[in-house]
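J.: So here's protein19.tsv (TSV, C-alpha atoms).
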```tsv
chain	number	residue	atom	x	y	z
T	475	MET	CA	113.39	80.88	84.51
T	476	SER	CA	116.63	82.47	85.73
T	477	ASP	CA	117.42	82.89	89.41
T	478	ARG	CA	117.39	86.65	88.92
T	479	VAL	CA	113.85	86.61	87.51
T	480	GLU	CA	112.65	84.34	90.31
T	481	GLU	CA	114.14	86.72	92.87
T	482	ALA	CA	112.50	89.69	91.15
T	483	LEU	CA	109.13	87.95	91.23
T	484	ARG	CA	109.51	87.12	94.91
T	485	ARG	CA	110.37	90.71	95.77
T	486	ALA	CA	107.61	92.00	93.49
T	487	ALA	CA	105.04	89.90	95.33
T	488	GLU	CA	106.19	91.42	98.63
T	489	SER	CA	106.29	95.00	97.39
T	490	THR	CA	103.50	97.58	97.23
T	491	ALA	CA	105.12	98.75	94.02
T	492	PHE	CA	103.50	95.80	92.25
T	493	ILE	CA	99.88	94.77	91.92
T	494	THR	CA	100.03	92.32	89.00
T	495	VAL	CA	102.58	89.71	88.00
T	496	THR	CA	102.74	88.84	84.32
T	497	PRO	CA	101.12	85.40	83.86
T	498	ASP	CA	103.28	84.14	80.99
T	499	LEU	CA	106.71	85.31	82.00
T	500	ALA	CA	109.32	85.09	79.25
T	501	HIS	CA	112.17	82.69	79.90
T	502	GLY	CA	114.75	84.78	78.09
T	503	GLU	CA	117.51	86.91	79.49
T	504	GLY	CA	117.80	90.66	79.43
T	505	PRO	CA	117.02	93.66	81.62
T	506	LEU	CA	114.02	93.21	83.90
T	507	VAL	CA	111.19	95.67	83.19
T	508	ALA	CA	107.88	96.61	84.79
T	509	TRP	CA	104.98	98.54	83.31
T	510	LYS	CA	102.69	101.11	84.87
T	511	ASP	CA	99.23	99.62	85.25
T	512	LEU	CA	97.65	101.56	82.41
T	513	PHE	CA	99.42	99.83	79.50
T	514	ASP	CA	98.00	96.77	77.75
T	515	VAL	CA	100.07	93.72	78.70
T	516	ALA	CA	98.54	90.51	77.39
T	517	GLY	CA	96.94	88.42	80.10
T	518	THR	CA	96.56	91.26	82.59
T	519	ARG	CA	93.91	93.90	83.20
T	520	SER	CA	94.79	97.57	83.48
T	521	THR	CA	93.26	98.90	86.67
T	522	ASN	CA	94.72	102.39	86.21
T	523	GLY	CA	95.07	102.37	89.98
T	524	SER	CA	91.29	102.49	90.43
T	525	ALA	CA	88.87	100.23	92.27
T	526	SER	CA	86.38	101.08	89.52
T	527	ARG	CA	88.46	98.97	87.13
T	528	ARG	CA	88.96	95.86	89.27
T	529	ASN	CA	86.88	93.93	86.75
T	530	ALA	CA	88.12	95.63	83.60
T	531	PRO	CA	88.65	93.36	80.57
T	532	VAL	CA	91.88	91.42	80.45
T	533	ALA	CA	94.14	92.54	77.59
T	534	THR	CA	94.39	90.00	74.78
T	535	GLU	CA	97.52	91.51	73.24
T	536	ASP	CA	100.40	93.75	74.16
T	537	ALA	CA	100.46	97.45	73.37
T	538	PRO	CA	102.90	98.20	70.50
T	539	ILE	CA	105.56	99.64	72.81
T	540	VAL	CA	105.21	96.61	75.10
T	541	ARG	CA	105.89	94.38	72.10
T	542	ASN	CA	108.90	96.47	71.14
T	543	LEU	CA	110.44	96.28	74.58
T	544	ALA	CA	109.64	92.57	74.97
T	545	LYS	CA	112.14	91.77	72.19
T	546	HIS	CA	114.98	92.84	74.48
T	547	THR	CA	113.75	92.57	78.08
T	548	VAL	CA	111.96	90.30	80.55
T	549	CYS	CA	108.64	91.67	81.78
T	550	VAL	CA	108.18	91.03	85.49
T	551	GLY	CA	104.79	92.67	85.96
T	552	LYS	CA	102.75	95.85	86.25
T	553	THR	CA	103.15	98.52	88.87
T	554	ASN	CA	100.90	100.40	91.24
T	555	GLN	CA	100.19	104.09	90.61
T	556	SER	CA	98.09	107.06	91.62
T	557	GLU	CA	94.45	106.53	90.71
T	558	PHE	CA	93.81	107.43	87.05
T	559	ALA	CA	97.45	108.71	86.97
T	560	PHE	CA	96.06	111.93	88.45
T	561	SER	CA	98.29	112.81	91.39
T	562	GLY	CA	101.91	113.79	91.88
T	563	LEU	CA	102.11	112.18	95.32
T	564	GLY	CA	102.00	108.53	94.22
T	565	LEU	CA	99.65	107.33	96.98
T	566	ASN	CA	96.80	104.88	96.34
T	567	PRO	CA	93.97	104.19	98.82
T	568	HIS	CA	92.81	101.09	96.91
T	569	PHE	CA	95.96	99.03	96.32
T	570	GLY	CA	98.30	100.45	98.96
T	571	ASN	CA	100.91	103.18	99.01
T	572	PRO	CA	104.23	102.33	97.33
T	573	VAL	CA	107.03	102.85	99.83
T	574	ASN	CA	109.92	105.14	98.92
T	575	PRO	CA	113.12	103.06	99.32
T	576	LEU	CA	115.19	106.17	100.10
T	577	ALA	CA	112.97	107.22	103.02
T	578	PRO	CA	110.07	104.90	103.89
T	579	ASP	CA	108.17	107.64	105.73
T	580	ARG	CA	108.19	109.91	102.65
T	581	ILE	CA	106.01	109.83	99.54
T	582	PRO	CA	107.48	108.20	96.41
T	583	GLY	CA	106.01	110.77	94.01
T	584	GLY	CA	103.53	110.04	91.28
T	585	SER	CA	101.70	109.15	89.43
T	586	SER	CA	104.23	106.51	88.28
T	587	SER	CA	105.02	105.70	91.92
T	588	GLY	CA	105.17	101.91	91.71
T	589	SER	CA	107.37	102.14	88.64
T	590	ALA	CA	109.88	104.36	90.46
T	591	VAL	CA	109.81	102.24	93.61
T	592	ALA	CA	110.39	99.03	91.63
T	593	VAL	CA	113.55	100.49	90.09
T	594	ALA	CA	114.80	102.26	93.22
T	595	ALA	CA	114.35	99.08	95.26
T	596	GLY	CA	116.35	97.09	92.72
T	597	ILE	CA	113.47	94.80	91.75
T	598	VAL	CA	113.74	95.70	88.06
T	599	ASP	CA	116.31	97.44	85.90
T	600	LEU	CA	113.88	99.85	84.30
T	601	ALA	CA	110.21	100.71	84.40
T	602	VAL	CA	107.91	102.43	81.95
T	603	GLY	CA	105.50	105.08	83.15
T	604	THR	CA	103.53	108.02	81.84
T	605	ASP	CA	103.99	111.73	82.40
T	606	THR	CA	101.16	114.21	81.91
T	607	SER	CA	102.11	116.87	84.45
T	608	GLY	CA	105.24	115.34	85.98
T	609	SER	CA	104.36	111.71	86.64
T	610	VAL	CA	107.78	110.34	85.62
T	611	ARG	CA	109.95	113.32	86.54
T	612	VAL	CA	108.51	113.80	90.05
T	613	PRO	CA	108.89	110.17	91.26
T	614	ALA	CA	112.35	110.11	89.68
T	615	ALA	CA	113.23	113.13	91.82
T	616	PHE	CA	111.78	111.76	95.06
T	617	CYS	CA	113.26	108.26	94.59
T	618	GLY	CA	116.72	109.32	93.35
T	619	LEU	CA	116.42	108.05	89.77
T	620	VAL	CA	116.92	109.11	86.19
T	621	GLY	CA	113.52	109.89	84.68
T	622	PHE	CA	113.09	110.61	80.96
T	623	LYS	CA	109.82	112.16	79.79
T	624	ALA	CA	109.61	112.01	76.00
T	625	SER	CA	107.90	114.37	73.58
T	626	ILE	CA	104.29	113.44	73.01
T	627	ASP	CA	104.76	111.82	69.59
T	628	ARG	CA	108.01	109.95	70.25
T	629	TYR	CA	106.32	106.62	71.03
T	630	ASP	CA	103.15	104.86	69.92
T	631	ARG	CA	100.51	105.54	72.60
T	632	THR	CA	98.11	102.83	71.38
T	633	GLY	CA	97.10	100.50	74.19
T	634	MET	CA	97.55	103.13	76.92
T	635	LEU	CA	94.69	104.47	79.05
T	636	PRO	CA	94.49	108.27	78.63
T	637	LEU	CA	94.23	111.01	81.23
T	638	ALA	CA	94.78	114.21	79.23
T	639	PRO	CA	95.39	113.25	75.58
T	640	SER	CA	97.01	116.51	74.51
T	641	LEU	CA	99.56	116.20	77.34
T	642	ASP	CA	99.99	112.47	78.01
T	643	THR	CA	103.51	111.28	77.29
T	644	ILE	CA	105.46	108.09	77.96
T	645	GLY	CA	108.67	107.94	79.95
T	646	VAL	CA	111.19	105.61	81.53
T	647	LEU	CA	112.74	105.34	84.98
T	648	THR	CA	116.25	103.93	85.33
T	649	HIS	CA	119.42	104.18	87.41
T	650	ASP	CA	121.55	105.87	84.74
T	651	VAL	CA	121.34	107.79	81.50
T	652	ALA	CA	122.77	105.02	79.30
T	653	ALA	CA	119.93	102.70	80.35
T	654	ALA	CA	117.39	105.41	79.55
T	655	VAL	CA	118.91	105.89	76.10
T	656	GLN	CA	118.80	102.15	75.46
T	657	ALA	CA	115.19	101.86	76.64
T	658	ASP	CA	114.21	104.83	74.48
T	659	ALA	CA	115.57	103.13	71.36
T	660	TRP	CA	113.86	99.83	72.18
T	661	LEU	CA	110.53	101.56	72.78
T	662	ARG	CA	110.80	103.19	69.35
T	663	GLY	CA	111.80	99.89	67.75
T	664	THR	CA	115.25	101.12	66.74
T	665	ARG	CA	118.76	99.91	67.48
T	666	PRO	CA	120.05	101.31	70.77
T	667	ALA	CA	123.10	103.50	70.58
T	668	LEU	CA	124.62	106.10	72.82
T	669	PRO	CA	123.62	109.54	71.60
T	670	THR	CA	126.06	111.55	69.55
T	671	LEU	CA	127.53	114.14	71.84
T	672	PRO	CA	127.31	117.76	70.70
T	673	THR	CA	130.35	119.11	68.88
T	674	THR	CA	130.25	122.07	71.22
T	675	ARG	CA	129.27	122.19	74.85
T	676	ALA	CA	125.57	122.73	75.42
T	677	ARG	CA	124.46	126.11	76.64
T	678	PHE	CA	122.21	126.19	79.70
T	679	VAL	CA	119.62	128.69	80.87
T	680	VAL	CA	118.32	128.85	84.44
T	681	PRO	CA	115.08	130.84	84.56
T	682	THR	CA	115.10	133.59	87.16
T	683	GLY	CA	112.00	134.10	89.27
T	684	GLU	CA	109.58	131.72	90.91
T	685	VAL	CA	110.87	128.43	89.46
T	686	LEU	CA	114.02	128.76	91.56
T	687	ASP	CA	113.10	131.40	94.16
T	688	ASP	CA	110.17	129.32	95.45
T	689	CYS	CA	112.32	126.26	96.20
T	690	ASP	CA	113.04	124.86	99.65
T	691	PRO	CA	116.46	126.10	100.84
T	692	ASP	CA	117.97	122.59	100.85
T	693	VAL	CA	116.75	121.95	97.29
T	694	ARG	CA	118.11	125.28	96.11
T	695	GLU	CA	121.49	124.77	97.80
T	696	ALA	CA	121.90	121.33	96.21
T	697	PHE	CA	120.97	122.78	92.82
T	698	GLU	CA	123.48	125.63	93.10
T	699	ASN	CA	126.22	123.24	94.19
T	700	THR	CA	125.53	121.05	91.17
T	701	LEU	CA	125.63	124.02	88.80
T	702	SER	CA	129.10	124.80	90.11
T	703	ALA	CA	130.20	121.19	89.66
T	704	LEU	CA	129.02	121.15	86.04
T	705	ASP	CA	131.73	123.60	85.03
T	706	ARG	CA	129.58	124.67	82.09
T	707	PRO	CA	128.41	128.13	81.03
T	708	VAL	CA	125.05	128.84	82.61
T	709	GLU	CA	123.02	131.93	81.83
T	710	ARG	CA	120.49	133.19	84.34
T	711	ARG	CA	117.72	135.30	82.90
T	712	PRO	CA	113.93	135.63	82.89
T	713	LEU	CA	111.88	133.60	80.44
T	714	PRO	CA	108.70	135.67	80.04
T	715	ALA	CA	106.83	132.82	78.34
T	716	LEU	CA	107.10	130.77	81.54
T	717	VAL	CA	105.80	133.66	83.62
T	718	GLU	CA	102.81	134.26	81.36
T	719	ALA	CA	101.91	130.57	81.16
T	720	GLN	CA	102.04	130.21	84.94
T	721	TYR	CA	99.81	133.28	85.33
T	722	LEU	CA	97.28	131.86	82.87
T	723	MET	CA	97.12	128.50	84.66
T	724	ASP	CA	96.86	130.14	88.09
T	725	SER	CA	94.03	132.33	86.81
T	726	HIS	CA	92.14	129.90	84.56
T	727	GLY	CA	93.14	126.36	85.50
T	728	SER	CA	95.37	123.76	83.86
T	729	LEU	CA	94.73	121.79	80.69
T	730	ALA	CA	95.52	118.57	82.59
T	731	VAL	CA	92.58	119.14	84.93
T	732	ALA	CA	90.29	120.13	82.06
T	733	GLU	CA	91.06	117.01	80.02
T	734	ALA	CA	91.00	114.75	83.08
T	735	TYR	CA	87.53	116.10	83.86
T	736	ARG	CA	86.33	114.88	80.47
T	737	GLN	CA	87.69	111.41	81.21
T	738	HIS	CA	86.59	111.06	84.83
T	739	GLY	CA	84.37	114.02	85.79
T	740	HIS	CA	81.32	111.77	85.93
T	741	PHE	CA	82.61	110.40	89.24
T	742	LEU	CA	81.73	113.73	90.85
T	743	THR	CA	78.01	113.02	90.44
T	744	GLU	CA	77.91	109.22	90.58
T	745	PRO	CA	78.30	106.95	93.60
T	746	ASN	CA	81.96	106.02	93.67
T	747	ASP	CA	84.94	104.77	95.60
T	748	VAL	CA	87.44	107.25	94.18
T	749	ASP	CA	90.48	108.76	95.87
T	750	PRO	CA	89.31	111.98	97.60
T	751	LEU	CA	92.33	113.82	96.20
T	752	VAL	CA	91.32	112.85	92.67
T	753	LEU	CA	87.78	114.11	93.30
T	754	ARG	CA	89.16	117.36	94.75
T	755	ARG	CA	91.24	117.91	91.61
T	756	LEU	CA	88.37	117.08	89.25
T	757	ALA	CA	86.22	119.63	91.06
T	758	ASP	CA	88.81	122.32	90.19
T	759	PHE	CA	87.78	122.17	86.51
T	760	ASN	CA	87.24	125.67	85.12
T	761	GLY	CA	85.22	125.36	81.91
T	762	ALA	CA	85.24	129.08	81.24
T	763	GLY	CA	88.99	129.40	81.68
T	764	GLU	CA	90.07	126.42	79.60
T	765	PRO	CA	89.78	128.13	76.17
T	766	VAL	CA	92.01	130.99	77.35
T	767	VAL	CA	94.77	128.60	78.41
T	768	ARG	CA	94.42	126.35	75.38
T	769	GLN	CA	94.42	129.15	72.81
T	770	ALA	CA	97.63	130.62	74.20
T	771	ARG	CA	99.55	127.34	74.13
T	772	ALA	CA	100.99	127.39	70.60
T	773	ARG	CA	101.90	131.07	70.81
T	774	LEU	CA	103.64	130.71	74.16
T	775	THR	CA	105.46	127.54	73.10
T	776	ALA	CA	106.89	129.30	70.04
T	777	ARG	CA	107.87	132.20	72.25
T	778	LEU	CA	109.64	129.96	74.78
T	779	VAL	CA	111.59	128.20	72.02
T	780	GLU	CA	112.69	131.61	70.78
T	781	GLU	CA	113.67	132.70	74.29
T	782	LEU	CA	115.75	129.56	74.85
T	783	ALA	CA	117.62	130.25	71.59
T	784	GLY	CA	119.04	126.74	71.43
T	785	ALA	CA	119.93	126.49	75.13
T	786	VAL	CA	118.79	123.71	77.46
T	787	LEU	CA	116.58	124.83	80.34
T	788	LEU	CA	117.89	123.83	83.78
T	789	CYS	CA	115.95	123.94	87.05
T	790	PRO	CA	115.22	121.79	90.10
T	791	THR	CA	112.77	119.02	89.19
T	792	VAL	CA	110.73	119.59	92.35
T	793	ARG	CA	110.69	122.50	94.75
T	794	ASP	CA	110.66	120.54	98.02
T	795	PRO	CA	112.09	117.30	99.37
T	796	ALA	CA	109.59	114.44	99.37
T	797	PRO	CA	107.11	115.23	102.17
T	798	PRO	CA	106.20	112.73	104.91
T	799	VAL	CA	103.20	110.52	104.21
T	800	ALA	CA	101.44	110.67	107.59
T	801	PRO	CA	100.44	114.37	107.61
T	802	LEU	CA	99.05	114.04	104.08
T	803	LEU	CA	96.84	111.08	104.99
T	804	ALA	CA	95.55	112.95	108.03
T	805	ASP	CA	94.32	116.08	106.22
T	806	LEU	CA	92.99	116.33	102.66
T	807	ASP	CA	93.74	120.06	102.50
T	808	VAL	CA	97.39	119.38	103.38
T	809	MET	CA	97.48	116.59	100.80
T	810	ALA	CA	96.02	118.81	98.06
T	811	ALA	CA	98.52	121.59	98.84
T	812	ALA	CA	101.43	119.13	98.75
T	813	ASN	CA	100.23	117.81	95.40
T	814	ARG	CA	100.15	121.30	93.92
T	815	ARG	CA	103.67	121.95	95.17
T	816	ALA	CA	105.03	118.63	93.89
T	817	LEU	CA	103.72	119.26	90.37
T	818	ARG	CA	104.08	123.02	90.02
T	819	THR	CA	107.31	123.13	88.03
T	820	THR	CA	106.71	120.05	85.90
T	821	THR	CA	103.10	121.03	85.10
T	822	LEU	CA	104.36	124.36	83.79
T	823	LEU	CA	106.93	122.71	81.52
T	824	SER	CA	104.41	120.10	80.33
T	825	TYR	CA	102.17	122.90	79.10
T	826	PHE	CA	104.85	123.64	76.49
T	827	GLY	CA	105.30	119.97	75.58
T	828	LEU	CA	108.96	119.99	76.58
T	829	PRO	CA	110.73	116.65	76.89
T	830	GLY	CA	112.70	116.40	80.11
T	831	VAL	CA	115.37	114.36	81.85
T	832	ALA	CA	115.46	114.38	85.65
T	833	LEU	CA	118.91	113.51	87.01
T	834	PRO	CA	119.68	112.74	90.67
T	835	HIS	CA	122.48	114.72	92.25
T	836	GLY	CA	123.88	115.61	95.63
T	837	THR	CA	122.21	114.79	98.91
T	838	LEU	CA	119.36	116.26	100.91
T	839	PRO	CA	118.54	115.65	104.58
T	840	ASP	CA	116.98	112.34	105.64
T	841	GLY	CA	118.64	110.27	102.92
T	842	LEU	CA	116.94	111.99	99.98
T	843	ARG	CA	118.61	113.17	96.75
T	844	GLY	CA	118.48	116.38	94.82
T	845	SER	CA	117.16	116.30	91.24
T	846	ILE	CA	118.08	118.57	88.36
T	847	LEU	CA	115.76	118.78	85.35
T	848	LEU	CA	116.99	119.30	81.79
T	849	SER	CA	114.30	120.40	79.33
T	850	SER	CA	114.37	121.33	75.66
T	851	PRO	CA	111.89	122.20	72.87
T	852	PRO	CA	109.30	119.65	71.71
T	853	GLY	CA	110.85	117.02	69.45
T	854	ASP	CA	114.38	117.78	70.64
T	855	ASP	CA	114.64	114.47	72.54
T	856	ASP	CA	117.80	113.17	70.84
T	857	ARG	CA	119.82	116.26	71.67
T	858	LEU	CA	118.39	116.35	75.20
T	859	LEU	CA	119.48	112.78	75.85
T	860	ALA	CA	122.90	113.57	74.40
T	861	VAL	CA	123.32	116.51	76.75
T	862	ALA	CA	122.15	114.39	79.71
T	863	ALA	CA	124.73	111.75	78.77
T	864	GLU	CA	127.40	114.44	78.55
T	865	ILE	CA	126.86	115.84	82.05
T	866	TRP	CA	125.85	112.61	83.79
T	867	PRO	CA	129.45	111.65	84.72
T	868	LEU	CA	129.79	115.01	86.47
T	869	LEU	CA	126.83	114.22	88.75
T	870	THR	CA	127.79	110.70	89.82
```
Output the file's structure in the form of structure tokens.
T.:
Amino acid sequence: MSDRVEEALRRAAESTAFITVTPDLAHGEGPLVAWKDLFDVAGTRSTNGSASRRNAPVATEDAPIVRNLAKHTVCVGKTNQSEFAFSGLGLNPHFGNPVNPLAPDRIPGGSSSGSAVAVAAGIVDLAVGTDTSGSVRVPAAFCGLVGFKASIDRYDRTGMLPLAPSLDTIGVLTHDVAAAVQADAWLRGTRPALPTLPTTRARFVVPTGEVLDDCDPDVREAFENTLSALDRPVERRPLPALVEAQYLMDSHGSLAVAEAYRQHGHFLTEPNDVDPLVLRRLADFNGAGEPVVRQARARLTARLVEELAGAVLLCPTVRDPAPPVAPLLADLDVMAAANRRALRTTTLLSYFGLPGVALPHGTLPDGLRGSILLSSPPGDDDRLLAVAAEIWPLLT
């Protein structure tokens, strides 16, 4: 075992980012990787961040994407997360709260909180998480990382515990775009290569209205400064499909809550030791409103693609800097409100199935970073990664 792996294991054992160390650690060399604790990794159980799964069966084989990545990397272990992957804050009352390395008093973001913390703290080179409503993009933003959320069918999801099957996607957290591109290829079982840059500069659209207007002033200032530094044409205009989708979800509830209710709603009526925030969100299920939101999805997605007209959507990944932990733990209402704020932009974009790349940029008060989110139509992952690679040098 290399000195670097031994050091990673020592730091993993001391960190709340980790809850399980892989029993049969590979002796090879390569980037160090950690997996969110809802993927099958042989010899470990997937707790999904829940006390209800402390005695879940131990996996006898790796998930397909775990096998793919194992050919090129060294697996250090599995990472802590929000319970059932159902919170954007990244806190966990059962296994401890992962600590944000940028600002220890602030939340790390979730649900892939341990994955983000493990990378941001330098324990591993990359981590694999999931993103249903923002669970890779949000912790990437709060921890100052690159976070790539893939289209839903880009990777094999076998051997992954579901939350909302029509929305669940897989993503990676890294320190730079090149590492994300490499991890993406390995996860798909293909040869890694830097993406082919566009022959012409990408066009960008910033949606006018709530997505930007509702942002904290520091977040908005950092975003505007970065747009200026890009030195690229940026069009600002309304995207009516976004407005209509947000109205539908505000009026009738989100698909993520509806599908999560089918997975875990029984905990509302059974004795349980479940995170109160998770129970609060499950109780928001609106059975009557779900068909309205679901039936509009394909129509609104086609409309948004038409409105983008080949441009990449740009916006802040999150609307606020990472909030302090202590006030959230003291008041469930405050916690629930912070969770809604953390996920509001990414939940909206997930409704359309857009892949996204969150890129750190600039600085915010208290040692935090800004985060700009690039999004494109479903299935447009290759071009999105190419555009991210193109502008990344301008942000660093």
J.: What is the CA of Ser625 in chain T to CA of Ser609 in chain T distance in Å?
T.: 13.8 Å
J.: Select, from T:Asp840, T:Glu733, T:Asp627, T:Glu535, the residue with the minimum atom-to-atom distance to Asp692 in chain T, counting only C-alpha atoms.
T.: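 Checking each of T:Asp840, T:Glu733, T:Asp627, T:Glu535 against Asp692 in chain T, counting only C-alpha atoms, the winner is T:Asp840.
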J.: Which residues are close to range 559-569 of chain T, i.e. within 7 Å by all atoms listed in the file, leaving aside same-chain residues fewer than 4 positions away? Reply as an mmCIF file with C-alpha atoms, in the frame of the given file.
T.:
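Once everything was written out, this is out_2.cif:
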```
data_model
loop_
_atom_site.group_PDB
_atom_site.id
_atom_site.type_symbol
_atom_site.label_atom_id
_atom_site.label_comp_id
_atom_site.auth_asym_id
_atom_site.auth_seq_id
_atom_site.Cartn_x
_atom_site.Cartn_y
_atom_site.Cartn_z
ATOM 1 C CA ASN T 522 94.720 102.390 86.210
ATOM 2 C CA SER T 524 91.290 102.490 90.430
ATOM 3 C CA ALA T 525 88.870 100.230 92.270
ATOM 4 C CA GLN T 555 100.190 104.090 90.610
ATOM 5 C CA ILE T 581 106.010 109.830 99.540
ATOM 6 C CA PRO T 582 107.480 108.200 96.410
ATOM 7 C CA GLY T 583 106.010 110.770 94.010
ATOM 8 C CA GLY T 584 103.530 110.040 91.280
ATOM 9 C CA SER T 585 101.700 109.150 89.430
ATOM 10 C CA SER T 586 104.230 106.510 88.280
ATOM 11 C CA SER T 587 105.020 105.700 91.920
ATOM 12 C CA GLY T 608 105.240 115.340 85.980
ATOM 13 C CA SER T 609 104.360 111.710 86.640
ATOM 14 C CA VAL T 612 108.510 113.800 90.050
ATOM 15 C CA LEU T 637 94.230 111.010 81.230
ATOM 16 C CA ASP T 749 90.480 108.760 95.870
ATOM 17 C CA VAL T 752 91.320 112.850 92.670
ATOM 18 C CA ASN T 813 100.230 117.810 95.400
ATOM 19 C CA ALA T 816 105.030 118.630 93.890
ATOM 20 C CA LEU T 817 103.720 119.260 90.370
#
```
J.: Can you tell me which residues surround Tyr735 in chain T at a distance of at most 8 Å, considering all atoms listed in the file, apart from same-chain residues fewer than 4 positions away, and format the answer as a list in words?
T.: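 Close residues of Tyr735 in chain T: Val731, Gly739, His740, Leu756 and Phe759 of chain T.
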J.: What is the CA of Ser728 in chain T-CA of Ser824 in chain T distance in Å, reported with one decimal?
T.: 10.4 Å
J.: Need to verify the contact set: range 706-713 of chain T, 6 Å, all atoms listed in the file, exclusion of same-chain residues closer than 2 positions in sequence. Can you return it as a list in words?
T.: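 Returned residues: Phe678, Val679, Val680, Pro681, Thr682, Leu704, Ala715 and Leu716 of chain T.
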J.: Write out as a VMD selection string which residues come within 8 Å of range 827-836 of chain T when counting only C-alpha atoms, dropping same-chain ones fewer than 6 positions away.
T.: chain T and resid 611 614 to 615 618 to 626 641 696 700 775 791 843 to 855 858 to 859 862 866 869 to 870
J.: Would you mind telling me which residue in T:Pro505, T:Leu751, T:Val808, T:Ala719 lies nearest to Ala770 in chain T when using only C-alpha atoms?
T.: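 Checking each candidate against Ala770 in chain T, we get T:Ala719 as the closest.
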J.: If we count all atoms listed in the file and set the cut-off at 8 Å, which residues sit around Thr547 in chain T, ignoring sequence neighbours fewer than 6 positions away in its own chain? Please answer as a ChimeraX atom specification.
T.: /T:502-507
J.: So, with all atoms listed in the file as the atoms that count, which of T:Ile539, T:Met723, T:Leu842, T:Ala734 lies closest to Glu557 in chain T?
T.: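 The shortest atom-to-atom distance to Glu557 in chain T comes from T:Ala734.
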J.: In Å to one decimal, how far is CA of Leu868 in chain T from CA of Ala703 in chain T?
T.: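 Interatomic distance here is 7.0 Å.
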J.: When distances are computed from only C-alpha atoms, which of T:Ser489, T:Thr632, T:Thr606, T:Asn554 shows the smallest separation from Pro538 in chain T?
T.: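 Selected residue with least distance to Pro538 in chain T: T:Thr632.
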J.: So which residues are close to (110.0, 128.5, 93.4), meaning at most 12 Å away in the file's coordinates with only C-alpha atoms counted, and can you show them as a list in words?
T.: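 Output: Pro681, Thr682, Gly683, Glu684, Val685, Leu686, Asp687, Asp688, Cys689, Asp690, Pro691, Val693, Arg694, Val717, Gln720, Cys789, Pro790, Thr791, Val792, Arg793, Asp794, Arg815, Ala816, Leu817, Arg818, Thr819, Thr820 and Leu822 of chain T.
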J.: Can you work out which one of T:Glu718, T:Ala482, T:Val602, T:Gly551 has the shortest atom-to-atom distance to Ala654 in chain T, counting all atoms listed in the file?
T.: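 The answer is T:Val602, which sits nearest to Ala654 in chain T.
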J.: Between T:Gln737, T:Ser725, T:Asn746, T:Thr664, which one has atoms that come closest to Lys545 in chain T, using all atoms listed in the file?
T.: T:Thr664
J.: So which residues are close to (86.2, 126.2, 84.8), meaning at most 10 Å away in the file's coordinates with only C-alpha atoms counted, and can you show them as an MDAnalysis selection string?
T.: chainID T and resid 726:728 731:732 757:765
J.: Output as a PDB file, in the frame of the given file: range 788-799 of chain T, completed with N, CA and C atoms.
T.:
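Output (selection_34.pdb):
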```pdb
ATOM      1  N   LEU T 788     117.507 124.543  82.566  1.00  0.00           N
ATOM      2  CA  LEU T 788     117.890 123.830  83.780  1.00  0.00           C
ATOM      3  C   LEU T 788     117.118 124.403  84.961  1.00  0.00           C
ATOM      4  N   CYS T 789     116.593 123.512  85.823  1.00  0.00           N
ATOM      5  CA  CYS T 789     115.950 123.940  87.050  1.00  0.00           C
ATOM      6  C   CYS T 789     115.812 122.730  87.973  1.00  0.00           C
ATOM      7  N   PRO T 790     115.532 122.939  89.244  1.00  0.00           N
ATOM      8  CA  PRO T 790     115.220 121.790  90.100  1.00  0.00           C
ATOM      9  C   PRO T 790     113.950 121.096  89.597  1.00  0.00           C
ATOM     10  N   THR T 791     113.949 119.764  89.652  1.00  0.00           N
ATOM     11  CA  THR T 791     112.770 119.020  89.190  1.00  0.00           C
ATOM     12  C   THR T 791     111.573 119.295  90.069  1.00  0.00           C
ATOM     13  N   VAL T 792     111.780 119.312  91.369  1.00  0.00           N
ATOM     14  CA  VAL T 792     110.730 119.590  92.350  1.00  0.00           C
ATOM     15  C   VAL T 792     111.229 120.691  93.274  1.00  0.00           C
ATOM     16  N   ARG T 793     110.298 121.346  93.934  1.00  0.00           N
ATOM     17  CA  ARG T 793     110.690 122.500  94.750  1.00  0.00           C
ATOM     18  C   ARG T 793     110.952 122.142  96.206  1.00  0.00           C
ATOM     19  N   ASP T 794     110.519 120.966  96.633  1.00  0.00           N
ATOM     20  CA  ASP T 794     110.660 120.540  98.020  1.00  0.00           C
ATOM     21  C   ASP T 794     111.185 119.116  98.070  1.00  0.00           C
ATOM     22  N   PRO T 795     111.833 118.723  99.172  1.00  0.00           N
ATOM     23  CA  PRO T 795     112.090 117.300  99.370  1.00  0.00           C
ATOM     24  C   PRO T 795     110.771 116.547  99.490  1.00  0.00           C
ATOM     25  N   ALA T 796     110.804 115.249  99.257  1.00  0.00           N
ATOM     26  CA  ALA T 796     109.590 114.440  99.370  1.00  0.00           C
ATOM     27  C   ALA T 796     108.980 114.608 100.762  1.00  0.00           C
ATOM     28  N   PRO T 797     107.709 115.014 100.846  1.00  0.00           N
ATOM     29  CA  PRO T 797     107.110 115.230 102.170  1.00  0.00           C
ATOM     30  C   PRO T 797     106.738 113.923 102.853  1.00  0.00           C
ATOM     31  N   PRO T 798     106.627 113.930 104.182  1.00  0.00           N
ATOM     32  CA  PRO T 798     106.200 112.730 104.910  1.00  0.00           C
ATOM     33  C   PRO T 798     104.772 112.339 104.547  1.00  0.00           C
ATOM     34  N   VAL T 799     104.519 111.041 104.583  1.00  0.00           N
ATOM     35  CA  VAL T 799     103.200 110.520 104.210  1.00  0.00           C
ATOM     36  C   VAL T 799     102.143 110.834 105.259  1.00  0.00           C
TER      37      VAL T 799
END
```
